[in-house]
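The file protein03.cif comes next; it holds mmCIF, C-alpha atoms.
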data_final
#
loop_
_atom_site.label_atom_id
_atom_site.label_comp_id
_atom_site.auth_asym_id
_atom_site.auth_seq_id
_atom_site.Cartn_x
_atom_site.Cartn_y
_atom_site.Cartn_z
CA MET F 67 -50.18 -39.55 -26.86
CA SER F 68 -49.48 -42.19 -24.16
CA ALA F 69 -48.65 -41.35 -20.55
CA ASP F 70 -45.02 -42.46 -21.03
CA ASN F 71 -44.67 -40.18 -24.03
CA ASN F 72 -46.03 -37.28 -21.99
CA ILE F 73 -43.54 -37.98 -19.21
CA ASP F 74 -40.64 -38.28 -21.67
CA SER F 75 -41.63 -35.02 -23.35
CA ALA F 76 -41.81 -33.23 -19.98
CA ILE F 77 -38.42 -34.66 -19.01
CA ARG F 78 -36.88 -33.35 -22.23
CA GLU F 79 -38.23 -29.88 -21.39
CA ILE F 80 -36.63 -29.73 -17.96
CA GLU F 81 -33.40 -31.33 -19.23
CA ALA F 82 -33.20 -28.59 -21.87
CA LEU F 83 -33.40 -25.94 -19.14
CA ALA F 84 -30.67 -27.68 -17.13
CA ALA F 85 -28.46 -28.05 -20.22
CA ASP F 86 -28.71 -24.30 -20.80
CA ASP F 87 -28.04 -23.62 -17.09
CA ASP F 88 -31.35 -21.81 -17.05
CA PHE F 89 -32.28 -21.91 -13.37
CA ARG F 90 -34.60 -18.95 -13.36
CA THR F 91 -37.69 -19.67 -11.29
CA LYS F 92 -40.00 -18.37 -14.03
CA SER F 93 -38.65 -20.84 -16.59
CA TRP F 94 -39.27 -23.80 -14.28
CA ARG F 95 -42.60 -22.48 -13.04
CA ASP F 96 -43.91 -22.29 -16.62
CA ILE F 97 -43.31 -26.03 -16.95
CA LEU F 98 -44.00 -27.46 -13.51
CA GLU F 99 -47.23 -25.56 -12.87
CA ARG F 100 -48.89 -26.22 -16.21
CA SER F 101 -52.27 -27.89 -15.88
CA ASP F 102 -51.19 -30.90 -17.95
CA MET F 103 -48.27 -31.54 -15.58
CA ARG F 104 -50.35 -32.43 -12.50
CA SER F 105 -50.36 -36.10 -13.35
CA ILE F 106 -46.76 -36.07 -14.57
CA VAL F 107 -44.93 -34.34 -11.71
CA ILE F 108 -45.96 -37.10 -9.29
CA GLN F 109 -44.39 -39.86 -11.35
CA PRO F 110 -41.17 -41.39 -9.90
CA LYS F 111 -39.56 -41.39 -13.36
CA PHE F 112 -40.14 -37.67 -13.78
CA LEU F 113 -39.13 -36.83 -10.20
CA ARG F 114 -35.83 -38.69 -10.52
CA ALA F 115 -35.16 -36.95 -13.84
CA LEU F 116 -35.99 -33.68 -12.10
CA GLY F 117 -33.38 -34.44 -9.42
CA ASP F 118 -30.79 -35.37 -12.05
CA CYS F 119 -31.22 -31.92 -13.63
CA PHE F 120 -29.51 -30.43 -10.55
CA VAL F 121 -26.53 -32.80 -10.43
CA LEU F 122 -23.27 -30.78 -10.51
CA LYS F 123 -25.27 -27.59 -10.96
CA GLN F 124 -25.31 -24.42 -8.87
CA ILE F 125 -28.48 -22.62 -7.76
CA ASP F 126 -29.16 -19.61 -5.60
CA ASP F 127 -31.47 -19.09 -2.63
CA SER F 128 -34.50 -18.19 -4.69
CA MET F 129 -34.25 -21.28 -6.91
CA ARG F 130 -33.70 -23.54 -3.92
CA ASP F 131 -36.75 -22.12 -2.13
CA PHE F 132 -38.83 -22.36 -5.30
CA MET F 133 -37.94 -26.02 -5.88
CA ASN F 134 -38.65 -26.93 -2.25
CA GLU F 135 -42.05 -25.27 -2.60
CA GLN F 136 -42.70 -27.28 -5.78
CA LEU F 137 -41.68 -30.53 -4.10
CA ASP F 138 -43.92 -29.71 -1.15
CA ARG F 139 -46.76 -29.10 -3.64
CA ILE F 140 -46.04 -32.41 -5.32
CA THR F 141 -46.09 -34.11 -1.91
CA GLY F 142 -49.52 -32.57 -1.39
CA LEU F 143 -50.69 -33.99 -4.73
CA LEU F 144 -49.46 -37.45 -3.66
CA ARG F 145 -51.36 -37.09 -0.40
CA GLU F 146 -54.54 -36.20 -2.33
CA ARG F 147 -54.15 -39.40 -4.36
CA GLY F 148 -53.79 -41.46 -1.20
CA ILE F 149 -50.19 -42.47 -1.90
CA ASP F 150 -48.16 -43.60 1.13
CA LEU F 151 -45.87 -40.73 2.16
CA THR F 152 -43.70 -42.90 4.39
CA ASP F 153 -42.73 -45.77 2.12
CA SER F 154 -43.42 -45.53 -1.58
CA GLN F 155 -41.52 -45.08 -4.83
CA GLU F 156 -43.14 -41.69 -5.30
CA ILE F 157 -42.05 -40.24 -1.95
CA GLU F 158 -38.56 -41.71 -2.39
CA ALA F 159 -38.36 -39.97 -5.76
CA VAL F 160 -39.49 -36.69 -4.16
CA GLU F 161 -36.76 -36.95 -1.52
CA TYR F 162 -34.23 -37.87 -4.20
CA ALA F 163 -35.09 -34.69 -6.12
CA ARG F 164 -35.00 -32.66 -2.89
CA SER F 165 -31.52 -33.99 -2.03
CA LYS F 166 -30.18 -33.01 -5.48
CA VAL F 167 -31.66 -29.52 -5.13
CA LYS F 168 -29.95 -29.18 -1.75
CA ALA F 169 -26.66 -30.46 -3.18
CA ALA F 170 -26.83 -27.89 -6.01
CA TYR F 171 -27.39 -25.10 -3.49
CA ASP F 172 -24.61 -26.36 -1.20
CA TYR F 173 -22.28 -26.62 -4.20
CA GLN F 174 -23.02 -23.00 -5.09
CA GLN F 175 -22.36 -21.93 -1.48
CA ALA F 176 -19.10 -23.87 -1.36
CA THR F 177 -18.01 -22.32 -4.65
CA GLU F 178 -18.81 -18.84 -3.38
CA TRP F 179 -16.95 -19.52 -0.15
CA GLU F 180 -13.92 -20.81 -2.04
CA SER F 181 -14.03 -17.75 -4.28
CA THR F 182 -14.29 -15.52 -1.21
CA ARG F 183 -11.45 -17.39 0.47
CA VAL F 184 -9.25 -17.02 -2.61
CA SER F 185 -10.17 -13.34 -2.84
CA MET F 186 -9.33 -12.84 0.84
CA ARG F 187 -6.01 -14.62 0.36
CA LYS F 188 -5.24 -12.41 -2.62
CA PHE F 189 -6.32 -9.36 -0.60
CA ARG F 190 -4.00 -10.34 2.26
CA TRP F 191 -1.16 -10.80 -0.19
CA ILE F 192 -1.88 -7.40 -1.70
CA VAL F 193 -1.97 -5.81 1.76
CA ALA F 194 1.31 -7.52 2.66
CA ILE F 195 2.95 -6.36 -0.58
CA VAL F 196 1.68 -2.81 -0.13
CA ALA F 197 2.93 -2.79 3.47
CA PHE F 198 6.33 -4.07 2.31
CA VAL F 199 6.54 -1.44 -0.44
CA VAL F 200 5.53 1.33 1.97
CA THR F 201 8.11 0.16 4.53
CA LEU F 202 10.78 -0.12 1.85
CA PHE F 203 9.90 3.32 0.50
CA SER F 204 10.00 4.79 4.01
CA ARG F 205 13.41 3.29 4.65
CA CYS F 206 14.69 4.55 1.30
CA ALA F 207 13.26 7.99 2.05
CA ILE F 208 14.95 8.02 5.47
CA GLN F 209 18.23 6.87 3.93
CA MET F 210 18.01 9.49 1.19
CA ASP F 211 17.24 12.17 3.77
CA ARG F 212 20.28 11.12 5.81
CA GLN F 213 22.45 11.19 2.71
CA ARG F 214 21.09 14.63 1.84
CA GLN F 215 21.80 15.92 5.35
CA GLU F 216 25.31 14.43 5.25
CA GLN F 217 25.95 16.02 1.86
CA GLU F 218 24.71 19.37 3.13
CA ARG F 219 26.94 19.04 6.20
CA LYS F 220 29.98 18.31 4.04
CA GLU F 221 29.19 21.21 1.73
CA ARG F 222 28.73 23.52 4.72
CA GLN F 223 32.03 22.34 6.21
CA GLU F 224 33.80 22.88 2.89
CA ARG F 225 32.39 26.40 2.65
CA GLN F 226 33.55 27.15 6.20
CA GLU F 227 37.04 25.84 5.43
CA GLN F 228 37.15 27.87 2.24
CA TYR F 229 36.01 30.94 4.16
CA ARG F 230 38.68 30.42 6.84
CA GLU F 231 41.35 30.06 4.15
CA TYR F 232 40.06 33.16 2.44
CA GLU F 233 39.85 35.06 5.73
CA GLU F 234 43.43 34.09 6.61
CA GLN F 235 44.55 35.22 3.17
CA ILE F 236 42.76 38.56 3.66
CA LYS F 237 44.45 39.02 7.03
CA GLU F 238 47.87 38.28 5.55
CA GLU F 239 47.30 40.68 2.66
CA ARG F 240 46.04 43.36 5.06
CA GLN F 241 49.09 42.83 7.29
CA MET F 242 51.44 43.12 4.34
CA LEU F 243 49.64 46.24 3.15
CA ILE F 244 49.96 47.87 6.57
CA GLU F 245 53.62 46.91 6.87
CA ASP F 246 54.37 48.33 3.40
CA MET F 247 52.53 51.52 4.26
CA LEU F 248 54.47 51.95 7.51
CA VAL F 249 57.76 51.33 5.75
CA GLN F 250 56.95 53.82 3.02
CA ASP F 251 55.51 56.43 5.41
CA PRO F 252 57.81 56.73 8.45
CA GLU F 253 55.87 59.68 9.85
CA THR F 254 52.63 57.69 10.03
CA ALA F 255 54.52 54.75 11.51
CA GLN F 256 56.06 57.01 14.14
CA ALA F 257 52.64 58.45 15.00
CA ILE F 258 51.14 54.96 15.43
CA LYS F 259 54.14 53.95 17.56
CA LEU F 260 53.70 56.96 19.81
CA HIS F 261 49.98 56.26 20.13
CA LEU F 262 50.71 52.68 21.20
CA ASP F 263 53.23 53.99 23.74
CA GLU F 264 50.59 56.30 25.17
CA LEU F 265 48.06 53.46 25.41
CA LEU F 266 50.62 51.37 27.26
CA GLU F 267 51.51 54.16 29.63
CA ASP F 268 47.93 55.00 30.62
CA GLY F 269 47.07 51.30 30.97
CA SER F 270 44.65 51.09 28.08
CA ILE F 271 46.50 48.05 26.76
CA SER F 272 48.65 45.47 28.49
CA LYS F 273 52.35 44.90 27.88
CA GLU F 274 51.55 41.62 26.12
CA VAL F 275 49.16 43.34 23.72
CA TYR F 276 51.66 46.13 23.20
CA ASP F 277 54.47 43.72 22.36
CA GLU F 278 52.21 41.78 20.03
CA LEU F 279 51.20 44.95 18.12
CA ILE F 280 54.79 46.15 17.98
CA LYS F 281 55.81 42.82 16.50
CA LYS F 282 52.76 42.59 14.26
CA TYR F 283 53.33 45.94 12.58
CA GLY F 284 57.10 45.54 12.43
CA PHE F 285 57.96 48.41 14.78
CA ASP F 286 60.62 46.26 16.43
CA GLN F 287 62.32 45.82 13.06
CA THR F 288 61.96 49.54 12.35
CA GLU F 289 63.52 50.43 15.67
CA SER F 290 66.32 47.95 15.12
CA GLY F 291 66.96 49.49 11.70
CA GLU F 292 66.97 52.99 13.12
CA GLU F 293 69.36 52.06 15.94
CA ALA F 294 71.70 50.44 13.43
CA ALA F 295 71.58 53.57 11.26
CA GLU F 296 72.42 55.81 14.25
CA GLU F 297 75.43 53.67 15.16
#
Target format structure tokens, applied to this file:
Amino acid sequence: MSADNNIDSAIREIEALAADDDFRTKSWRDILERSDMRSIVIQPKFLRALGDCFVLKQIDDSMRDFMNEQLDRITGLLRERGIDLTDSQEIEAVEYARSKVKAAYDYQQATEWESTRVSMRKFRWIVAIVAFVVTLFSRCAIQMDRQRQEQERKERQERQEQYREYEEQIKEERQMLIEDMLVQDPETAQAIKLHLDELLEDGSISKEVYDELIKKYGFDQTESGEEAAEE
């Protein structure tokens, strides 16, 4: 097999790895460090094909470091053969391959950064939405609590009004019951009247209170009725 055929065969091997996105260091080591590759890896044609394998590809730190080590090894092989390392097709091809390896690594880093940036933007949006929801929920909770308190206040006020109406009704019914009892039982009425007179005389109650009780229990009407009957 001619030298060109060997180079073309080796190029097809590395192109197959690149086509499969197989950038594991072991896969490339198995090809590049084979004993029959020593005379091939230093060829400009192979080195440029090697660089092309990394065009628009993404590689990690370990693959980048591995490829730089391989290119350094290839540079050492060129030095052993006495090839000019400052101005030759071989060294230009080495630097071409090195630049494509760097570009593949930089592309991977840029992609990761963009992914991180997008993730951070999404995270900030999520945080903002959560904060908005929490604030909205808090406001709704406060509003609901105010409405509950207002409802409780209204219900309490209604109960108080109902109680006052009921209490007034009880007082009226009690008053009517007492008045009916006094009308139906003159002796008891007379005894209560005398007791009130005694309280007034000894100062236990004031004249205003006395008059109010006399009016409240209808003693003024009773007296008026009795005076009319005597006349």
Measure the distance from atom CA of Thr177 of chain F to atom CA of Asp87 of chain F in Å and round it to one decimal.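 About the pair atom CA of Thr177 of chain F and atom CA of Asp87 of chain F: they are 16.0 Å apart.
Straight-line separation from atom CA of Lys111 of chain F to atom CA of Ser75 of chain F: 12.0 Å.
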Residues near segment 121-135 of chain F, anyone? I mean within 9 Å using only C-alpha atoms, not counting same-chain ones fewer than 5 positions away, as a VMD selection string. chain F and resid 84 87 89 to 91 94 to 95 140 164 166 to 175 177
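Atom pair atom CA of Ile108 of chain F / atom CA of Asp86 of chain F: separated by 24.4 Å.
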Assuming the chain letters and numbering stay as they are in my file, what does the PyMOL selection byres ((chain F and resi 112) around 10) actually select? List them as a PDB file with C-alpha atoms, in the coordinates of the input.
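And here's selection-v4.pdb as it stands now:
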ATOM      1  CA  ASP F  70     -45.020 -42.460 -21.030  1.00  0.00           C
ATOM      2  CA  ILE F  73     -43.540 -37.980 -19.210  1.00  0.00           C
ATOM      3  CA  ASP F  74     -40.640 -38.280 -21.670  1.00  0.00           C
ATOM      4  CA  ALA F  76     -41.810 -33.230 -19.980  1.00  0.00           C
ATOM      5  CA  ILE F  77     -38.420 -34.660 -19.010  1.00  0.00           C
ATOM      6  CA  ILE F  80     -36.630 -29.730 -17.960  1.00  0.00           C
ATOM      7  CA  ILE F 106     -46.760 -36.070 -14.570  1.00  0.00           C
ATOM      8  CA  VAL F 107     -44.930 -34.340 -11.710  1.00  0.00           C
ATOM      9  CA  ILE F 108     -45.960 -37.100  -9.290  1.00  0.00           C
ATOM     10  CA  GLN F 109     -44.390 -39.860 -11.350  1.00  0.00           C
ATOM     11  CA  PRO F 110     -41.170 -41.390  -9.900  1.00  0.00           C
ATOM     12  CA  LYS F 111     -39.560 -41.390 -13.360  1.00  0.00           C
ATOM     13  CA  LEU F 113     -39.130 -36.830 -10.200  1.00  0.00           C
ATOM     14  CA  ARG F 114     -35.830 -38.690 -10.520  1.00  0.00           C
ATOM     15  CA  ALA F 115     -35.160 -36.950 -13.840  1.00  0.00           C
ATOM     16  CA  LEU F 116     -35.990 -33.680 -12.100  1.00  0.00           C
ATOM     17  CA  GLY F 117     -33.380 -34.440  -9.420  1.00  0.00           C
ATOM     18  CA  ASP F 118     -30.790 -35.370 -12.050  1.00  0.00           C
ATOM     19  CA  GLU F 156     -43.140 -41.690  -5.300  1.00  0.00           C
ATOM     20  CA  ALA F 159     -38.360 -39.970  -5.760  1.00  0.00           C
ATOM     21  CA  VAL F 160     -39.490 -36.690  -4.160  1.00  0.00           C
ATOM     22  CA  ALA F 163     -35.090 -34.690  -6.120  1.00  0.00           C
TER      23      ALA F 163
END
When distances are computed from all atoms listed in the file, which of F:Ile271, F:Ile149, F:Leu143, F:Ile280 shows the smallest separation from Ile258 of chain F?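 Of all the options, F:Ile280 lies closest to Ile258 of chain F.
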The centre and edge lengths of an axis-aligned box containing all atoms of segment 220-231 of chain F present in the file, extended by 8 Å on each side, are to be given in Å to one decimal, as JSON.
{"center_x": 35.0, "center_y": 24.6, "center_z": 4.3, "size_x": 28.6, "size_y": 28.6, "size_z": 21.1}
Suppose a student applies the PyMOL selection byres ((chain F and resi 279) around 12) to this structure; what residues should they get, written as a list in words?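 Applied to this file, the PyMOL selection byres ((chain F and resi 279) around 12) returns Gln241, Ile244, Glu245, Ile258, Lys259, His261, Leu262, Asp263, Leu265, Leu266, Ile271, Ser272, Lys273, Glu274, Val275, Tyr276, Asp277, Glu278, Ile280, Lys281, Lys282, Tyr283, Gly284, Phe285 and Asp286 of chain F.
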